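Okay, query_24.cif now, which holds mmCIF, C-alpha atoms:
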data_my_file
loop_
_atom_site.group_PDB
_atom_site.id
_atom_site.type_symbol
_atom_site.label_atom_id
_atom_site.label_comp_id
_atom_site.auth_asym_id
_atom_site.auth_seq_id
_atom_site.Cartn_x
_atom_site.Cartn_y
_atom_site.Cartn_z
ATOM 1 C CA MET U 7 -5.958 5.329 101.236
ATOM 2 C CA ILE U 8 -8.648 3.445 103.126
ATOM 3 C CA ILE U 9 -12.162 4.127 101.851
ATOM 4 C CA CYS U 10 -14.734 3.985 104.640
ATOM 5 C CA PRO U 11 -17.428 1.429 103.745
ATOM 6 C CA ASN U 12 -20.005 3.442 105.696
ATOM 7 C CA CYS U 13 -19.559 7.041 104.436
ATOM 8 C CA GLN U 14 -17.001 6.617 101.594
ATOM 9 C CA TYR U 15 -14.571 9.062 103.255
ATOM 10 C CA LYS U 16 -10.947 8.648 102.099
ATOM 11 C CA ASN U 17 -8.861 8.035 105.230
ATOM 12 C CA LEU U 18 -5.065 7.892 105.377
ATOM 13 C CA ASP U 19 -3.445 4.446 105.377
ATOM 14 C CA GLY U 20 -3.146 3.084 108.896
ATOM 15 C CA THR U 21 -6.243 4.882 110.190
ATOM 16 C CA VAL U 22 -8.083 2.685 112.695
ATOM 17 C CA PHE U 23 -11.367 4.657 112.878
ATOM 18 C CA CYS U 24 -12.943 6.730 110.095
ATOM 19 C CA VAL U 25 -12.224 10.421 110.623
ATOM 20 C CA GLU U 26 -15.665 11.336 109.230
ATOM 21 C CA CYS U 27 -18.122 8.867 110.807
ATOM 22 C CA GLY U 28 -16.048 7.013 113.435
ATOM 23 C CA ILE U 29 -16.623 3.449 112.172
ATOM 24 C CA GLN U 30 -13.806 0.983 112.854
ATOM 25 C CA LEU U 31 -11.599 0.466 109.801
ATOM 26 C CA SER U 32 -9.016 -1.920 111.234
ATOM 27 C CA GLY U 33 -10.540 -5.053 109.642
ATOM 28 C CA ILE U 34 -10.643 -3.556 106.144
ATOM 29 C CA GLN U 35 -6.945 -3.385 105.325
ATOM 30 C CA PRO U 36 -4.271 -5.212 107.319
ATOM 31 C CA ILE U 37 -1.545 -3.073 108.847
ATOM 32 C CA VAL U 38 1.864 -4.693 108.580
ATOM 33 C CA THR U 39 4.620 -3.799 111.028
ATOM 34 C CA GLN U 40 8.326 -4.344 110.592
ATOM 35 C CA ASN U 41 10.213 -6.533 113.043
ATOM 36 C CA ILE U 42 13.432 -4.820 114.141
ATOM 37 C CA SER U 43 16.163 -7.287 115.050
ATOM 38 C CA ALA U 44 19.501 -6.614 116.731
ATOM 39 C CA ASP U 45 21.106 -6.572 113.254
ATOM 40 C CA ASN U 46 18.609 -3.958 112.050
ATOM 41 C CA ARG U 47 18.919 -1.373 114.853
ATOM 42 C CA PRO U 48 17.874 2.198 114.090
ATOM 43 C CA PHE U 49 21.121 3.673 115.477
ATOM 44 C CA PRO U 50 24.782 2.691 115.185
ATOM 45 C CA PRO U 51 26.638 1.709 118.375
ATOM 46 C CA MET U 52 27.705 4.691 120.533
ATOM 47 C CA GLU U 53 31.394 4.370 119.594
ATOM 48 C CA LYS U 54 30.581 4.732 115.864
ATOM 49 C CA ARG U 55 28.320 7.788 116.154
ATOM 50 C CA LYS U 56 29.273 11.259 115.044
ATOM 51 C CA THR U 57 27.807 14.109 117.059
ATOM 52 C CA ALA U 58 26.872 17.222 115.139
ATOM 53 C CA PRO U 59 28.228 20.400 116.725
ATOM 54 C CA PHE U 60 25.767 22.778 118.324
ATOM 55 C CA PRO U 61 24.994 25.595 115.865
ATOM 56 C CA GLU U 62 26.562 28.521 117.765
ATOM 57 C CA ASP U 63 24.773 31.121 115.648
ATOM 58 C CA LEU U 64 21.418 30.075 117.140
ATOM 59 C CA ASP U 65 20.106 31.812 120.252
ATOM 60 C CA THR U 66 18.512 28.746 121.857
ATOM 61 C CA TRP U 67 19.270 26.145 124.526
ATOM 62 C CA ALA U 68 18.706 23.128 122.246
ATOM 63 C CA SER U 69 18.194 22.063 118.652
ATOM 64 C CA LEU U 70 16.831 18.935 117.019
ATOM 65 C CA HIS U 71 18.989 17.442 114.256
ATOM 66 C CA LEU U 72 16.691 15.395 111.995
ATOM 67 C CA LEU U 73 18.981 12.632 110.774
ATOM 68 C CA ASP U 74 17.065 11.623 107.634
ATOM 69 C CA SER U 75 16.883 15.140 106.172
ATOM 70 C CA GLY U 76 19.905 16.703 107.893
ATOM 71 C CA GLN U 77 17.746 19.667 108.918
ATOM 72 C CA ILE U 78 18.279 21.344 112.281
ATOM 73 C CA LEU U 79 15.240 22.670 114.145
ATOM 74 C CA PRO U 80 16.153 25.205 116.853
ATOM 75 C CA LEU U 81 13.960 25.270 119.933
ATOM 76 C CA GLY U 82 12.742 28.612 121.216
ATOM 77 C CA ASP U 83 13.386 30.109 124.622
ATOM 78 C CA ARG U 84 10.535 28.264 126.359
ATOM 79 C CA THR U 85 11.433 25.468 128.772
ATOM 80 C CA GLU U 86 8.959 22.831 127.525
ATOM 81 C CA PHE U 87 7.931 21.597 124.058
ATOM 82 C CA THR U 88 5.610 18.827 122.910
ATOM 83 C CA LEU U 89 6.703 16.885 119.819
ATOM 84 C CA GLY U 90 4.239 15.271 117.432
ATOM 85 C CA ARG U 91 2.324 15.705 114.204
ATOM 86 C CA VAL U 92 -0.788 17.524 113.076
ATOM 87 C CA SER U 93 -3.681 15.376 111.893
ATOM 88 C CA GLU U 94 -6.468 16.538 109.622
ATOM 89 C CA ALA U 95 -9.688 17.423 111.494
ATOM 90 C CA GLN U 96 -8.053 16.848 114.899
ATOM 91 C CA PRO U 97 -7.737 19.643 117.472
ATOM 92 C CA ILE U 98 -4.467 18.313 118.917
ATOM 93 C CA MET U 99 -1.544 20.627 118.117
ATOM 94 C CA PRO U 100 2.022 19.827 119.227
ATOM 95 C CA ASP U 101 4.447 22.684 119.893
ATOM 96 C CA ILE U 102 6.834 21.211 117.324
ATOM 97 C CA ASP U 103 5.000 19.811 114.310
ATOM 98 C CA LEU U 104 7.037 17.061 112.659
ATOM 99 C CA THR U 105 4.476 16.482 109.886
ATOM 100 C CA PRO U 106 6.702 18.019 107.159
ATOM 101 C CA TYR U 107 9.427 15.478 108.015
ATOM 102 C CA GLN U 108 7.424 12.310 107.179
ATOM 103 C CA ALA U 109 6.150 11.993 110.765
ATOM 104 C CA TYR U 110 3.056 9.985 109.803
ATOM 105 C CA ALA U 111 5.025 7.493 107.696
ATOM 106 C CA ASN U 112 7.556 7.110 110.521
ATOM 107 C CA GLY U 113 4.924 6.366 113.173
ATOM 108 C CA VAL U 114 4.989 9.634 115.117
ATOM 109 C CA SER U 115 1.889 10.113 117.285
ATOM 110 C CA ARG U 116 -0.082 13.367 117.376
ATOM 111 C CA LEU U 117 1.318 14.079 120.860
ATOM 112 C CA HIS U 118 4.341 11.797 120.994
ATOM 113 C CA ALA U 119 6.836 13.160 123.529
ATOM 114 C CA VAL U 120 7.803 16.231 125.518
ATOM 115 C CA LEU U 121 11.214 17.900 125.902
ATOM 116 C CA LYS U 122 11.755 20.055 128.958
ATOM 117 C CA ARG U 123 14.544 21.956 130.634
ATOM 118 C CA GLU U 124 14.854 22.344 134.385
ATOM 119 C CA GLY U 125 17.861 24.480 135.262
ATOM 120 C CA LYS U 126 20.846 22.965 133.450
ATOM 121 C CA ARG U 127 19.208 19.558 132.989
ATOM 122 C CA VAL U 128 17.162 18.495 129.964
ATOM 123 C CA PHE U 129 14.611 15.671 129.933
ATOM 124 C CA VAL U 130 12.471 13.757 127.454
ATOM 125 C CA MET U 131 9.253 11.936 128.311
ATOM 126 C CA ASP U 132 7.162 9.660 126.096
ATOM 127 C CA LEU U 133 3.486 10.648 126.248
ATOM 128 C CA GLY U 134 2.099 7.132 125.784
ATOM 129 C CA SER U 135 2.777 7.135 122.041
ATOM 130 C CA SER U 136 1.628 4.232 119.881
ATOM 131 C CA ASN U 137 5.047 3.408 118.425
ATOM 132 C CA GLY U 138 7.240 4.369 121.354
ATOM 133 C CA THR U 139 10.086 6.765 122.017
ATOM 134 C CA TYR U 140 13.627 5.427 122.054
ATOM 135 C CA LEU U 141 16.670 7.040 123.671
ATOM 136 C CA ASN U 142 19.950 5.683 122.322
ATOM 137 C CA GLY U 143 18.132 2.558 121.153
ATOM 138 C CA LYS U 144 16.287 1.805 124.410
ATOM 139 C CA ARG U 145 12.510 2.197 124.584
ATOM 140 C CA LEU U 146 11.345 4.715 127.176
ATOM 141 C CA THR U 147 8.693 3.931 129.739
ATOM 142 C CA PRO U 148 5.717 6.238 129.081
ATOM 143 C CA ASN U 149 5.256 9.217 131.418
ATOM 144 C CA VAL U 150 8.715 8.861 133.010
ATOM 145 C CA ASP U 151 11.388 11.579 132.566
ATOM 146 C CA GLN U 152 14.739 10.520 131.078
ATOM 147 C CA THR U 153 17.787 12.792 131.178
ATOM 148 C CA LEU U 154 19.162 13.957 127.813
ATOM 149 C CA ASN U 155 22.775 14.769 126.970
ATOM 150 C CA HIS U 156 24.311 16.511 123.967
ATOM 151 C CA GLY U 157 24.494 14.062 121.061
ATOM 152 C CA ASP U 158 21.878 11.625 122.360
ATOM 153 C CA MET U 159 19.856 9.838 119.697
ATOM 154 C CA LEU U 160 16.091 9.997 120.020
ATOM 155 C CA ALA U 161 13.632 8.052 117.884
ATOM 156 C CA LEU U 162 9.953 8.924 117.779
ATOM 157 C CA GLY U 163 8.664 5.742 116.190
ATOM 158 C CA LYS U 164 11.175 5.502 113.316
ATOM 159 C CA LEU U 165 11.872 9.259 113.024
ATOM 160 C CA LYS U 166 15.496 9.672 114.148
ATOM 161 C CA ILE U 167 16.594 12.866 115.892
ATOM 162 C CA GLN U 168 19.935 13.815 117.425
ATOM 163 C CA ILE U 169 19.693 16.131 120.441
ATOM 164 C CA LEU U 170 22.018 19.132 120.310
ATOM 165 C CA LEU U 171 22.347 20.974 123.638
ATOM 166 C CA LYS U 172 24.106 24.285 124.123
ATOM 167 C CA LYS U 173 26.916 24.254 126.652
ATOM 168 C CA SER U 174 25.980 26.452 129.579
#

Show how you would write the structure in this file as structure tokens.
Amino acid sequence: MIICPNCQYKNLDGTVFCVECGIQLSGIQPIVTQNISADNRPFPPMEKRKTAPFPEDLDTWASLHLLDSGQILPLGDRTEFTLGRVSEAQPIMPDIDLTPYQAYANGVSRLHAVLKREGKRVFVMDLGSSNGTYLNGKRLTPNVDQTLNHGDMLALGKLKIQILLKKS
């Protein structure tokens, strides 16, 4: 926790501005980031990956397989979903809230990325997130659509997700 020196509000670690009074907190407690080298990649090489099968009992066009927990989140029948996390006292609400899956600790932004389907094609787009969106280990350029395929690995910050697409 970071205690605001101005109003004494208890902010979450990593908060840059006090949620209560807005004063800058970045000089109070240093934020340390981890350097990821080629030997410490978040995903194994493509030839060593195992793709989870699409859960056929689900009536949806896609599901998100959260690799750390093993949980599968089915998407509804809409064609577009924002991914992110809910933040206390903030009005921003993503369509898919990843807060219960350690989103804050893994560097997921409040509005991190969007998944959308156009016909038979599926896309992901980073929404200018702080910690980036990675597709199969490559960082995406913000606000540019990238095509998704069944089994692709997506990382929102450090939160790893495998994309499961239903065969059409």

Checklist line | Output of the PyMOL selection byres ((chain U and resi 109) around 10), listed as a VMD selection string | finding: chain U and resid 90 to 92 103 to 108 110 to 116 162 to 165

Next item on the list: Quote the spacing between atom CA of Gly143 of chain U and atom CA of Gln168 of chain U in Å to one decimal place.
Entry: 12.0 Å

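The interatomic distance for the pair atom CA of Gln152 of chain U and atom CA of Ser75 of chain U works out to 25.4 Å.
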
Next item on the list: Identify all residues satisfying the PyMOL selection byres ((chain U and resi 123) around 10) in the given file; provide them as a VMD selection string.
Entry: chain U and resid 67 to 68 84 to 87 121 to 122 124 to 130 153 to 154

Write the residues of the preceding selection, restricted to C-alpha atoms, as a PDB file, keeping the file's coordinate frame.
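Written out: again_27.pdb:
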ATOM      1  CA  TRP U  67      19.270  26.145 124.526  1.00  0.00           C
ATOM      2  CA  ALA U  68      18.706  23.128 122.246  1.00  0.00           C
ATOM      3  CA  ARG U  84      10.535  28.264 126.359  1.00  0.00           C
ATOM      4  CA  THR U  85      11.433  25.468 128.772  1.00  0.00           C
ATOM      5  CA  GLU U  86       8.959  22.831 127.525  1.00  0.00           C
ATOM      6  CA  PHE U  87       7.931  21.597 124.058  1.00  0.00           C
ATOM      7  CA  LEU U 121      11.214  17.900 125.902  1.00  0.00           C
ATOM      8  CA  LYS U 122      11.755  20.055 128.958  1.00  0.00           C
ATOM      9  CA  GLU U 124      14.854  22.344 134.385  1.00  0.00           C
ATOM     10  CA  GLY U 125      17.861  24.480 135.262  1.00  0.00           C
ATOM     11  CA  LYS U 126      20.846  22.965 133.450  1.00  0.00           C
ATOM     12  CA  ARG U 127      19.208  19.558 132.989  1.00  0.00           C
ATOM     13  CA  VAL U 128      17.162  18.495 129.964  1.00  0.00           C
ATOM     14  CA  PHE U 129      14.611  15.671 129.933  1.00  0.00           C
ATOM     15  CA  VAL U 130      12.471  13.757 127.454  1.00  0.00           C
ATOM     16  CA  THR U 153      17.787  12.792 131.178  1.00  0.00           C
ATOM     17  CA  LEU U 154      19.162  13.957 127.813  1.00  0.00           C
TER      18      LEU U 154
END

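Shown here are all protein and nucleic acid residues lying within 9 Å of (15.9, 30.4, 121.4), with only C-alpha atoms considered: Leu64, Asp65, Thr66, Trp67, Ala68, Pro80, Leu81, Gly82, Asp83 and Arg84 of chain U.
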
Write the residues of the selection above to a file with C-alpha atoms, as a PDB file, keeping the file's coordinate frame.
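The new file result39.pdb reads:
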ATOM      1  CA  LEU U  64      21.418  30.075 117.140  1.00  0.00           C
ATOM      2  CA  ASP U  65      20.106  31.812 120.252  1.00  0.00           C
ATOM      3  CA  THR U  66      18.512  28.746 121.857  1.00  0.00           C
ATOM      4  CA  TRP U  67      19.270  26.145 124.526  1.00  0.00           C
ATOM      5  CA  ALA U  68      18.706  23.128 122.246  1.00  0.00           C
ATOM      6  CA  PRO U  80      16.153  25.205 116.853  1.00  0.00           C
ATOM      7  CA  LEU U  81      13.960  25.270 119.933  1.00  0.00           C
ATOM      8  CA  GLY U  82      12.742  28.612 121.216  1.00  0.00           C
ATOM      9  CA  ASP U  83      13.386  30.109 124.622  1.00  0.00           C
ATOM     10  CA  ARG U  84      10.535  28.264 126.359  1.00  0.00           C
TER      11      ARG U  84
END

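Ranking U:Val22, U:Gly76, U:Gln14, U:Leu133 by their shortest atom-to-atom distance to Pro100 of chain U, with only C-alpha atoms included, puts U:Leu133 first.
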
Margin query: (6.2, 7.6, 129.5) in this file's frame - what residues fall within 6 Å of it? Use all atoms listed in the file and give the answer as a PyMOL selection string.
Written below: chain U and resi 131-134+147-150

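Between atom CA of Leu141 of chain U and atom CA of Gln96 of chain U lies a distance of 28.0 Å.
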
The centre and edge lengths of an axis-aligned box containing all atoms of segment 112-118 of chain U present in the file, extended by 6 Å on each side, are to be given in Å to one decimal, as JSON.
{"center_x": 3.7, "center_y": 10.2, "center_z": 115.8, "size_x": 19.6, "size_y": 19.7, "size_z": 22.5}

Note to self: Taking the file as I've supplied it (selection: the PyMOL selection byres ((chain U and resi 11) around 12)), which residues are included? Please answer as a PyMOL selection string.
What the structure shows: chain U and resi 8-10+12-17+23-24+26-35

Just the selected residues (C-alpha atoms), exported as a PDB file, in the frame of the given file, please.
ATOM      1  CA  ILE U   8      -8.648   3.445 103.126  1.00  0.00           C
ATOM      2  CA  ILE U   9     -12.162   4.127 101.851  1.00  0.00           C
ATOM      3  CA  CYS U  10     -14.734   3.985 104.640  1.00  0.00           C
ATOM      4  CA  ASN U  12     -20.005   3.442 105.696  1.00  0.00           C
ATOM      5  CA  CYS U  13     -19.559   7.041 104.436  1.00  0.00           C
ATOM      6  CA  GLN U  14     -17.001   6.617 101.594  1.00  0.00           C
ATOM      7  CA  TYR U  15     -14.571   9.062 103.255  1.00  0.00           C
ATOM      8  CA  LYS U  16     -10.947   8.648 102.099  1.00  0.00           C
ATOM      9  CA  ASN U  17      -8.861   8.035 105.230  1.00  0.00           C
ATOM     10  CA  PHE U  23     -11.367   4.657 112.878  1.00  0.00           C
ATOM     11  CA  CYS U  24     -12.943   6.730 110.095  1.00  0.00           C
ATOM     12  CA  GLU U  26     -15.665  11.336 109.230  1.00  0.00           C
ATOM     13  CA  CYS U  27     -18.122   8.867 110.807  1.00  0.00           C
ATOM     14  CA  GLY U  28     -16.048   7.013 113.435  1.00  0.00           C
ATOM     15  CA  ILE U  29     -16.623   3.449 112.172  1.00  0.00           C
ATOM     16  CA  GLN U  30     -13.806   0.983 112.854  1.00  0.00           C
ATOM     17  CA  LEU U  31     -11.599   0.466 109.801  1.00  0.00           C
ATOM     18  CA  SER U  32      -9.016  -1.920 111.234  1.00  0.00           C
ATOM     19  CA  GLY U  33     -10.540  -5.053 109.642  1.00  0.00           C
ATOM     20  CA  ILE U  34     -10.643  -3.556 106.144  1.00  0.00           C
ATOM     21  CA  GLN U  35      -6.945  -3.385 105.325  1.00  0.00           C
TER      22      GLN U  35
END

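Compared by their closest atoms to Gly138 of chain U, and using only C-alpha atoms, the residues U:Val120, U:Ala161, U:Leu18, U:Leu73 rank with U:Ala161 nearest.
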
Check: Quick one: of U:Lys172, U:Thr139, U:Leu79, U:Asn155, who's nearest to Ala119 of chain U, counting only C-alpha atoms?
Finding: U:Thr139
